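Here the structure is laid out as structure tokens; the discussion comes afterwards.
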Number of protein chains: 2
Amino acid sequence: MAMSVKNKEAVVLHSGGQDSTTCLAWALKKFDSVRLISFDYGQRHKTEIKAAQTIAKKLKLSHKTIKLPILKELTKNALTDKSVKVKAGKKGTLPTTFVDGRNALFLNIAAIYAKQHKIPNIVTGVCQTDYSGYPDCRNDFIKSMQKTLQLAMEFPFKIHTPLMFLTKAQTVALMDKLGGLELLKYTHTCYEGVSPACGKCPACKLRLKGFKEYGIDDLIYYR
Amino acid sequence: MAMSVKNKEAVVLHSGGQDSTTCLAWALKKFDSVRLISFDYGQRHKTEIKAAQTIAKKLKLSHKTIKLPILKELTKNALTDKSVKVKAGKKGTLPTTFVDGRNALFLNIAAIYAKQHKIPNIVTGVCQTDYSGYPDCRNDFIKSMQKTLQLAMEFPFKIHTPLMFLTKAQTVALMDKLGGLELLKYTHTCYEGVSPACGKCPACKLRLKGFKEYGIDDLIYYR
């Protein structure tokens, strides 16, 4: 007996940041119905989850926050441990903000959740172009992960990555084209978890650069 | 700066059952040092974790139990929900004891843990021969998972599956050859989580069949 598959529905991994909110706007055009999930993994910038909840509420979308204390328990990095400084990686080293296995774990859990709802489509905002040295943002990883999940659960998962080959400026352009710029007001990006944003951490810098290159002002406030 | 890799060490996924305990005995011969991890995911037969702890203590090995309530929260199956009956799958359907995404999630977390200790080797007792219809016990899945984890964390993970192509009788034979039969006294297999074991659930039946075919008595007690 084959399981029915809801091909017109999608689960969006929604951190509450700029990229995943752009993915959400993209998914709303592409699919009939969208569910959001966020992860509370003890991140330094936990306020992003509130941003995700605000956006879900505004759009009246189903939103689930999944608690995942295990990442903080197992790994040491600047995102889950305030004693580690946020630093970009130099050539050949990973940035201190890299959380080992994070995206694999998120996609794994998103897939388990999606299959319970018979949804094959999973949307995530990973991006190879401005990937900050995170190996689990690359297309090779995503393709391999998709195959692994299909094999693990015998289900036709498809991982969609609309931002994979875009620059940050092109991501802003995409959101503009989708008519979603207003939504970016509610997003949170700063690694320091502060609002107004610090403007200085690698995440803030990358965001600011994208808006600058696209030629419009960011919609959030900076210190 | 390349990260040092401890090629002579391994992490064994140890449920406390017969298969993973056989893998543990195998790993102790193959590697200089072994760490054990078990998962507490709200399984019906939670007593298997106690078995794992007993065995780790006997062998004086490092043992970590990882709490993973998320599986019970997200999936409905006979292992995490006592209202679902334990039933083998008929042709073309999955058994009610299949927990969607379980092995992928376990391997993912084991890999995160292993990398923190610079250990590339991960040993798991999955088996394609008597795989009970679980897609995440097949070799194709394991190969794909290994590649995915390598890509996700840029680390040379190797997933070892010494039981992959063995029958249950051959697994008993392997443990005999490794001189580990005594250890099986402390293992727990029964899905019903009872001791003495029920002898009737699919897990008990498979275990009993293996011992019978190999021609020795099982070392645990049955009702």
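Every chain in the structure tokens takes a letter, A first, then B, and so on in the order presented; its residues are numbered from 1, and the ligands are numbered from 1 following the presented order.
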Query raised in the report: If you count only C-alpha atoms, which residues fall within 10 Å of B:Lys158, apart from same-chain ones fewer than 3 positions away, as JSON, numbers by chain?
Result: {"B": [7, 10, 111, 119, 120, 121, 122, 123, 142, 143, 145, 146, 147, 149, 150, 155, 161]}
Would you output that residue set with C-alpha atoms, as a CSV table (one decimal), in the first residue's frame?
```csv
chain,number,residue,atom,x,y,z
B,7,ASN,CA,42.2,6.6,13.6
B,10,ALA,CA,35.9,4.2,17.6
B,111,ALA,CA,29.1,11.6,14.3
B,119,ILE,CA,37.3,10.0,16.3
B,120,PRO,CA,36.4,9.0,12.7
B,121,ASN,CA,35.2,5.4,13.3
B,122,ILE,CA,31.5,4.8,14.1
B,123,VAL,CA,30.3,1.2,14.6
B,142,ILE,CA,24.7,3.5,5.3
B,143,LYS,CA,27.0,4.3,2.4
B,145,MET,CA,24.9,8.4,5.2
B,146,GLN,CA,28.7,8.1,5.5
B,147,LYS,CA,29.2,10.4,2.5
B,149,LEU,CA,28.3,13.1,7.2
B,150,GLN,CA,31.8,13.5,5.7
B,155,PHE,CA,35.7,14.9,8.6
B,161,THR,CA,28.7,-2.3,10.0
```
Query - chain A contacts on chain B, only C-alpha atoms, 10 Å, as a PyMOL selection string - result: chain B and resi 1-3+66-71+73-76+90-94+98-116+134-154
Please, could you write that set of residues out with C-alpha atoms as a short mmCIF file (atom, residue, chain, number, x, y, z; two decimals), in the first residue's frame?
```cif
data_model
loop_
_atom_site.label_atom_id
_atom_site.label_comp_id
_atom_site.auth_asym_id
_atom_site.auth_seq_id
_atom_site.Cartn_x
_atom_site.Cartn_y
_atom_site.Cartn_z
CA MET B 1 45.62 23.68 10.08
CA ALA B 2 44.39 20.12 9.69
CA MET B 3 42.57 18.57 12.62
CA ILE B 66 21.86 10.79 24.97
CA LYS B 67 18.31 11.94 25.63
CA LEU B 68 16.31 12.35 22.46
CA PRO B 69 12.67 13.03 23.30
CA ILE B 70 12.14 14.45 19.83
CA LEU B 71 11.52 11.06 18.18
CA GLU B 73 7.27 13.77 19.99
CA LEU B 74 7.34 13.59 16.21
CA THR B 75 6.56 10.01 15.24
CA LYS B 76 3.86 7.49 15.96
CA LYS B 90 3.35 -7.51 5.51
CA LYS B 91 4.68 -7.41 2.00
CA GLY B 92 5.09 -3.79 0.88
CA THR B 93 4.35 -2.25 4.28
CA LEU B 94 6.66 -1.24 7.09
CA PHE B 98 9.74 1.20 12.37
CA VAL B 99 10.72 4.59 13.79
CA ASP B 100 11.01 7.02 10.91
CA GLY B 101 14.48 8.49 10.60
CA ARG B 102 15.80 6.82 13.73
CA ASN B 103 19.07 5.40 12.44
CA ALA B 104 19.86 8.52 10.42
CA LEU B 105 19.35 10.63 13.52
CA PHE B 106 21.39 8.29 15.73
CA LEU B 107 24.28 8.23 13.26
CA ASN B 108 24.11 11.98 12.87
CA ILE B 109 24.40 12.57 16.59
CA ALA B 110 27.02 9.83 17.00
CA ALA B 111 29.08 11.59 14.32
CA ILE B 112 28.79 14.96 16.06
CA TYR B 113 29.91 13.31 19.31
CA ALA B 114 32.71 11.37 17.57
CA LYS B 115 34.09 14.47 15.86
CA GLN B 116 34.30 16.32 19.17
CA TYR B 134 13.61 -1.29 8.01
CA PRO B 135 15.00 0.78 5.13
CA ASP B 136 17.58 2.45 7.38
CA CYS B 137 19.32 -0.87 8.04
CA ARG B 138 20.39 -1.35 4.44
CA ASN B 139 23.90 -0.96 3.11
CA ASP B 140 22.84 1.61 0.49
CA PHE B 141 21.57 3.87 3.23
CA ILE B 142 24.73 3.47 5.32
CA LYS B 143 27.01 4.31 2.37
CA SER B 144 24.97 7.38 1.57
CA MET B 145 24.89 8.44 5.22
CA GLN B 146 28.67 8.09 5.51
CA LYS B 147 29.19 10.37 2.53
CA THR B 148 26.64 12.87 3.84
CA LEU B 149 28.34 13.07 7.24
CA GLN B 150 31.78 13.49 5.65
CA LEU B 151 30.44 16.38 3.58
CA ALA B 152 28.51 17.94 6.46
CA MET B 153 31.48 18.18 8.80
CA GLU B 154 34.52 17.82 6.51
#
```
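Among the residues of stretch 16-169 of chain A, backbone DSSP assigns strand (DSSP E or B) to Ser33, Val34, Arg35, Leu36, Ile37, Ser38, Phe39, Asp40, Ser62, His63, Lys64, Thr65, Ile66, Lys67, Asn121, Ile122, Val123, Lys158, Ile159 and His160 of chain A.
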Query raised in the report: Nearest to A:Cys127: which of A:Pro156, A:Pro196, A:Pro162, A:Gly42 is it, counting only C-alpha atoms?
Result: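 Nearest candidate to A:Cys127 out of A:Pro156, A:Pro196, A:Pro162, A:Gly42: A:Pro162.
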Query raised in the report: What does the distance between atom CA of A:Leu28 and atom CA of A:Leu178 come to in Å, to one decimal place?
Result: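 Atom CA of A:Leu178 lies at a distance of 9.5 Å from atom CA of A:Leu28.
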Report task. Quick one: everything within 12 Å of B:Thr47, counting only C-alpha atoms, minus sequence neighbours fewer than 5 positions away in the same chain. Send it as a PyMOL selection string. Result -> chain B and resi 15-17+38-42+52-54+186-197
Can I get the selected residues back with C-alpha atoms, as a PDB file, in the first residue's frame?
```pdb
ATOM      1  CA  SER B  15      21.598  -0.069  22.440  1.00  0.00           C
ATOM      2  CA  GLY B  16      22.274  -2.789  24.974  1.00  0.00           C
ATOM      3  CA  GLY B  17      20.944  -5.438  22.618  1.00  0.00           C
ATOM      4  CA  SER B  38      23.110   4.923  23.777  1.00  0.00           C
ATOM      5  CA  PHE B  39      19.909   6.788  23.013  1.00  0.00           C
ATOM      6  CA  ASP B  40      16.998   7.321  25.331  1.00  0.00           C
ATOM      7  CA  TYR B  41      14.214   8.156  22.871  1.00  0.00           C
ATOM      8  CA  GLY B  42      11.253   7.079  24.937  1.00  0.00           C
ATOM      9  CA  ALA B  52      23.967  -0.959  27.936  1.00  0.00           C
ATOM     10  CA  GLN B  53      25.071   0.742  31.147  1.00  0.00           C
ATOM     11  CA  THR B  54      25.705  -2.593  32.863  1.00  0.00           C
ATOM     12  CA  TYR B 186      23.520  -8.848  30.038  1.00  0.00           C
ATOM     13  CA  THR B 187      21.855  -7.821  26.785  1.00  0.00           C
ATOM     14  CA  HIS B 188      18.214  -6.901  26.270  1.00  0.00           C
ATOM     15  CA  THR B 189      16.361  -7.530  23.009  1.00  0.00           C
ATOM     16  CA  CYS B 190      12.625  -7.879  23.741  1.00  0.00           C
ATOM     17  CA  TYR B 191      10.480  -5.060  22.296  1.00  0.00           C
ATOM     18  CA  GLU B 192       8.034  -5.446  25.158  1.00  0.00           C
ATOM     19  CA  GLY B 193      10.767  -4.362  27.533  1.00  0.00           C
ATOM     20  CA  VAL B 194      10.155  -7.285  29.892  1.00  0.00           C
ATOM     21  CA  SER B 195      12.657  -9.539  31.621  1.00  0.00           C
ATOM     22  CA  PRO B 196      12.505 -12.524  31.352  1.00  0.00           C
ATOM     23  CA  ALA B 197      11.887 -11.728  27.666  1.00  0.00           C
TER      24      ALA B 197
END
```
Query raised in the report: Counting only C-alpha atoms, what is within 8 Å of B:Val12, bar same-chain residues fewer than 5 positions away, as a list in words?
Result: Ser20, Cys23, Leu24, Ala27, Val34, Arg35, Leu36, Ile37, Ile122, Val123 and Thr124 of chain B
**Report entry** Å distance separating atom CA of A:Phe157 from atom CA of A:Lys6, one decimal place
**Finding:** 10.9 Å
Query raised in the report: Which residues come within 7 Å of A:Thr129, counting only C-alpha atoms, excluding same-chain residues fewer than 5 positions away, as a VMD selection string?
Result: chain A and resid 164 to 167
Output C-alpha atoms for every residue in the selection just made, as a PDB file, in the first residue's frame.
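Saved to out_37.pdb:
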```
ATOM      1  CA  MET A 164      22.034  28.141  -3.106  1.00  0.00           C
ATOM      2  CA  PHE A 165      23.786  30.065  -5.864  1.00  0.00           C
ATOM      3  CA  LEU A 166      22.692  33.608  -5.047  1.00  0.00           C
ATOM      4  CA  THR A 167      24.815  36.380  -3.579  1.00  0.00           C
TER       5      THR A 167
END
```
Report task. Can you work out the spacing between atom CA of B:Lys60 and atom CA of B:Val172 in Å, to one decimal? Result ->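 These two atoms are separated by 23.3 Å.
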